[in-house]
Each structure stands twice: as structure tokens, then as C-alpha cells.
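Here the structure comes first, spelled out in C-alpha cells, and everything after it is commentary.
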Amino acid sequence: NRKVFGEVYFVREQTLEMIDFYENEGVLFRRKKVMLSGKLKGDVYVYYDCDNPCDLVLNRLWSTDLKKRVWYAGYGSNLSSKRFECYIRGGLCAENMVTYKGCTDKSGWRSDYFETFPGNLYFGNRSHSWNNYGVAFFDPDIAHKDPVVMHLYNISYGQLLDIQEQEGKSPNWYGRMVILGISPIDGAPIITLTSETRRVESTPMAAYCDMMAEA
């Protein structure tokens, strides 16, 4: 393995979030933990694979233009359009009785469709929004991949960032953006949210599973 010489900065979490925004983390660069000299771990920004067929299209997102269109791939409770609408428009979600603030831009998605992607859907963590039961996560890196059904919504990049904020953008929740591919409809990137590392699995509540099944 090659070594890269660089400088290490100790910064606040808020500063790191600002750098994520400027680097367009999850689109052109991905922030990941690496081992530095000794026992020190740090965050670095890694350029996406140049051989990725999505690369040319993703480069068009290299800006802070919040109006650019993307396809958000929702899974878990976001399979339900009624549930997802709470993230867009704000308001009370009847299934968990939590009120969401919604996006700054509350206009609805332009179109939507269902698609499957290889990976693994599992339930982990304990969410206060769901009575401390587990919620869905997507693992794209697992060796044994299954077809995972997702609901794709055509929204703006700014709305996606607002949704990530409401979902919880820390590495242990939904701080990782994963590029799943390019939509054949309009050539826009398909992006989903998940955790940086695989979480401890935990059982979801019945209402959560019922919402997924109905969707």
C-alpha cells in the first residue's frame, strides 16, 4: 500500500459538516475514516472510482447548485410516499406521531418509480422517532447481495440535503450518500442515504414494518 503525506487538522464537527458541503461529499468525493500514523484515525475525502460509469454525470453535480435534479432512492419507511411527504412538506406522521419540519423547498417530487438495487436491507440502531425500535439501513458493501426494493423520487439536490438533515446526518445514522447509478429516464444520479458502518441490528416496531409492506 502506498502512503500519502499530508497535514492533519483537529476541527469541530460543525466545521467538518461545512467541508462536506463544499466538497459535495457523497457526489464527487466520499469522506471515510482511515488510519493515520500511529494509532490516530482521521477523515479523508476520497475521489469516486474513475472507472465508475456514473463518473461523467456525477461531475456535473460538482457545484453547490441546490436546484440540480437527483433521484432519491428511499427504502424502509420511505417506501411509503405518505411518509416521505412529511420530509418534503413537513407535518405530523400518523404512523409514529412525530412532527417533521420539512424541506426549505416544499414543492413535491416531479415523478417517482420503484427499482431494485443489489445490497442488503437490515434493521439497526434504536430510533427515538420509532419508540426506540430499529430502523432500516442499506448496506451496499456486503459480499452477499440481494435485490433491495427502493422508491425513487425526483427531487432537487437541496431537498436531498434537507432530508438527510431530518434523517440524521451523523456517520452512525444516514450521513453517507451512496451513488446507486444513473436514471435511464433523465440521466440524473440515483442517490440513497445510509450509515458509514454497519450498525448493530435491532428489531423494528410493527407499525414500521406494516408501512413498508403496504408500500
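Lettering and numbering for the C-alpha cells are positional, with chains as A, B, ... in the shown order, residues counted from 1 in each chain, and ligands counted from 1 in the shown order.
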**Request:** Would you please extract all alpha helix (DSSP H) residues from chain A, as assigned by DSSP on the backbone, and give them as a ChimeraX atom specification?
**Result:** /A:13-23,55-59,81-89,157-167,206-214
**Report entry** Exercise: Tyr45 in chain A partners within 10 Å, only C-alpha atoms, chain neighbours under 5 positions left out, as a ChimeraX atom specification
**Finding:** /A:19-20,23,25-26,28-33
Can you write out the residues you just picked, keeping N, CA and C atoms, as a short mmCIF file (atom, residue, chain, number, x, y, z; two decimals), in the first residue's frame?
data_model
loop_
_atom_site.label_atom_id
_atom_site.label_comp_id
_atom_site.auth_asym_id
_atom_site.auth_seq_id
_atom_site.Cartn_x
_atom_site.Cartn_y
_atom_site.Cartn_z
N ILE A 19 -17.29 21.46 5.47
CA ILE A 19 -16.37 20.94 4.46
C ILE A 19 -17.09 19.92 3.58
N ASP A 20 -17.95 19.10 4.19
CA ASP A 20 -18.76 18.15 3.41
C ASP A 20 -19.53 18.88 2.31
N GLU A 23 -17.12 20.22 -0.41
CA GLU A 23 -16.54 19.13 -1.20
C GLU A 23 -17.61 18.35 -1.95
N GLU A 25 -19.70 16.18 -0.66
CA GLU A 25 -19.47 14.83 -0.17
C GLU A 25 -20.63 13.91 -0.56
N GLY A 26 -20.28 12.72 -1.04
CA GLY A 26 -21.29 11.77 -1.47
C GLY A 26 -21.59 11.85 -2.95
N LEU A 28 -19.09 13.75 -5.61
CA LEU A 28 -17.80 13.62 -6.29
C LEU A 28 -16.75 13.02 -5.36
N PHE A 29 -16.84 13.34 -4.07
CA PHE A 29 -15.94 12.80 -3.07
C PHE A 29 -16.74 12.10 -1.98
N ARG A 30 -16.11 11.13 -1.36
CA ARG A 30 -16.71 10.44 -0.21
C ARG A 30 -15.77 10.57 0.98
N ARG A 31 -16.31 10.98 2.11
CA ARG A 31 -15.49 11.08 3.33
C ARG A 31 -15.46 9.73 4.03
N LYS A 32 -14.25 9.27 4.35
CA LYS A 32 -14.13 7.98 5.02
C LYS A 32 -13.04 8.03 6.08
N LYS A 33 -13.14 7.13 7.06
CA LYS A 33 -12.15 7.03 8.12
C LYS A 33 -10.96 6.22 7.65
#
Filtered DSSP result for range 16-205 of chain A, state strand (DSSP E or B), as a ChimeraX atom specification
/A:25,29-35,41-47,69-74,91-93,98-100,112-127,133-139,146-156,176-182,189-194,201
Those same residues - C-alpha atoms - I'd like them written as a PDB file, in the first residue's frame.
ATOM      1  CA  GLU A  25     -19.470  14.829  -0.167  1.00  0.00           C
ATOM      2  CA  PHE A  29     -15.942  12.796  -3.068  1.00  0.00           C
ATOM      3  CA  ARG A  30     -16.708  10.438  -0.214  1.00  0.00           C
ATOM      4  CA  ARG A  31     -15.495  11.078   3.332  1.00  0.00           C
ATOM      5  CA  LYS A  32     -14.134   7.977   5.021  1.00  0.00           C
ATOM      6  CA  LYS A  33     -12.152   7.029   8.124  1.00  0.00           C
ATOM      7  CA  VAL A  34      -8.549   5.963   7.635  1.00  0.00           C
ATOM      8  CA  MET A  35      -5.699   5.016   9.941  1.00  0.00           C
ATOM      9  CA  LYS A  41      -7.639   7.876  12.882  1.00  0.00           C
ATOM     10  CA  GLY A  42      -8.846  10.685  10.672  1.00  0.00           C
ATOM     11  CA  ASP A  43     -11.285  11.623   7.927  1.00  0.00           C
ATOM     12  CA  VAL A  44     -10.139  11.960   4.335  1.00  0.00           C
ATOM     13  CA  TYR A  45     -12.009  12.782   1.153  1.00  0.00           C
ATOM     14  CA  VAL A  46     -11.640  10.054  -1.459  1.00  0.00           C
ATOM     15  CA  TYR A  47     -12.471  10.614  -5.114  1.00  0.00           C
ATOM     16  CA  ARG A  69     -32.282  17.316 -10.003  1.00  0.00           C
ATOM     17  CA  VAL A  70     -31.464  13.956  -8.441  1.00  0.00           C
ATOM     18  CA  TRP A  71     -33.341  10.750  -7.763  1.00  0.00           C
ATOM     19  CA  TYR A  72     -33.555   9.969  -4.057  1.00  0.00           C
ATOM     20  CA  ALA A  73     -33.839   6.201  -3.525  1.00  0.00           C
ATOM     21  CA  GLY A  74     -35.934   5.661  -0.409  1.00  0.00           C
ATOM     22  CA  GLY A  91     -46.185  17.939   9.336  1.00  0.00           C
ATOM     23  CA  LEU A  92     -47.319  15.056  11.533  1.00  0.00           C
ATOM     24  CA  CYS A  93     -46.571  11.481  10.521  1.00  0.00           C
ATOM     25  CA  VAL A  98     -43.653  12.716  15.064  1.00  0.00           C
ATOM     26  CA  THR A  99     -43.873  16.189  13.506  1.00  0.00           C
ATOM     27  CA  TYR A 100     -41.276  16.952  10.836  1.00  0.00           C
ATOM     28  CA  ASP A 112     -41.384   8.590  -8.953  1.00  0.00           C
ATOM     29  CA  TYR A 113     -40.948   4.890  -9.674  1.00  0.00           C
ATOM     30  CA  PHE A 114     -39.775   1.682  -7.993  1.00  0.00           C
ATOM     31  CA  GLU A 115     -36.484  -0.068  -8.734  1.00  0.00           C
ATOM     32  CA  THR A 116     -34.323  -2.784  -7.157  1.00  0.00           C
ATOM     33  CA  PHE A 117     -30.620  -2.461  -6.307  1.00  0.00           C
ATOM     34  CA  PRO A 118     -28.092  -5.071  -5.102  1.00  0.00           C
ATOM     35  CA  GLY A 119     -27.154  -4.897  -1.447  1.00  0.00           C
ATOM     36  CA  ASN A 120     -28.587  -5.812   1.915  1.00  0.00           C
ATOM     37  CA  LEU A 121     -31.511  -4.263   3.801  1.00  0.00           C
ATOM     38  CA  TYR A 122     -31.393  -4.728   7.561  1.00  0.00           C
ATOM     39  CA  PHE A 123     -32.714  -3.058  10.728  1.00  0.00           C
ATOM     40  CA  GLY A 124     -30.382  -1.432  13.221  1.00  0.00           C
ATOM     41  CA  ASN A 125     -29.845   1.243  15.903  1.00  0.00           C
ATOM     42  CA  ARG A 126     -32.705   2.399  18.124  1.00  0.00           C
ATOM     43  CA  SER A 127     -34.645   5.377  16.836  1.00  0.00           C
ATOM     44  CA  TYR A 133     -37.007   0.272  17.874  1.00  0.00           C
ATOM     45  CA  GLY A 134     -34.747  -0.443  14.927  1.00  0.00           C
ATOM     46  CA  VAL A 135     -34.979   1.297  11.552  1.00  0.00           C
ATOM     47  CA  ALA A 136     -33.900   0.265   8.067  1.00  0.00           C
ATOM     48  CA  PHE A 137     -30.352   0.653   6.730  1.00  0.00           C
ATOM     49  CA  PHE A 138     -28.904  -0.245   3.346  1.00  0.00           C
ATOM     50  CA  ASP A 139     -25.536  -1.989   3.125  1.00  0.00           C
ATOM     51  CA  ASP A 146     -29.892  -9.393  -2.561  1.00  0.00           C
ATOM     52  CA  PRO A 147     -32.306  -7.306  -4.647  1.00  0.00           C
ATOM     53  CA  VAL A 148     -33.488  -4.426  -2.441  1.00  0.00           C
ATOM     54  CA  VAL A 149     -36.662  -2.615  -3.492  1.00  0.00           C
ATOM     55  CA  MET A 150     -36.440   1.185  -3.370  1.00  0.00           C
ATOM     56  CA  HIS A 151     -38.864   4.001  -4.164  1.00  0.00           C
ATOM     57  CA  LEU A 152     -37.208   6.654  -6.341  1.00  0.00           C
ATOM     58  CA  TYR A 153     -38.343  10.274  -6.023  1.00  0.00           C
ATOM     59  CA  ASN A 154     -37.243  13.031  -8.407  1.00  0.00           C
ATOM     60  CA  ILE A 155     -36.271  15.956  -6.138  1.00  0.00           C
ATOM     61  CA  SER A 156     -33.673  18.717  -6.003  1.00  0.00           C
ATOM     62  CA  ARG A 176     -23.313   8.511   3.956  1.00  0.00           C
ATOM     63  CA  MET A 177     -24.566   9.225   0.438  1.00  0.00           C
ATOM     64  CA  VAL A 178     -24.357   6.239  -1.901  1.00  0.00           C
ATOM     65  CA  ILE A 179     -24.494   6.621  -5.679  1.00  0.00           C
ATOM     66  CA  LEU A 180     -26.574   3.706  -6.980  1.00  0.00           C
ATOM     67  CA  GLY A 181     -26.403   4.602 -10.650  1.00  0.00           C
ATOM     68  CA  ILE A 182     -27.886   6.837 -13.302  1.00  0.00           C
ATOM     69  CA  PRO A 189     -27.859  10.351 -10.465  1.00  0.00           C
ATOM     70  CA  ILE A 190     -29.700   7.962  -8.145  1.00  0.00           C
ATOM     71  CA  ILE A 191     -28.634   8.581  -4.545  1.00  0.00           C
ATOM     72  CA  THR A 192     -29.592   6.879  -1.302  1.00  0.00           C
ATOM     73  CA  LEU A 193     -28.637   7.532   2.332  1.00  0.00           C
ATOM     74  CA  THR A 194     -27.251   5.090   4.860  1.00  0.00           C
ATOM     75  CA  GLU A 201     -29.054  -4.921  14.380  1.00  0.00           C
TER      76      GLU A 201
END
As an exercise, work out the distance from CA of Arg198 in chain A to CA of Phe5 in chain A in Å and give it to one decimal place.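 So the two atoms, CA of Arg198 in chain A and CA of Phe5 in chain A, lie 29.3 Å apart.
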Judged by only C-alpha atoms, the minimum distance to Tyr157 in chain A among A:Asp141, A:Asp65, A:Glu214, A:Glu196 is found for A:Asp65
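Here the question is which of A:Met18, A:Leu66, A:Ala213, A:Val4 gets nearest to Leu161 in chain A using only C-alpha atoms, and that residue is A:Leu66.
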Counting only C-alpha atoms, the residue among A:Leu79, A:Ser170, A:Met205, A:Ser195 that lies closest to Gln14 in chain A is A:Ser170
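Minimum distance to Pro140 in chain A across A:Thr197, A:Lys101, A:Thr203, A:Phe84 (counting only C-alpha atoms) occurs at A:Thr197.
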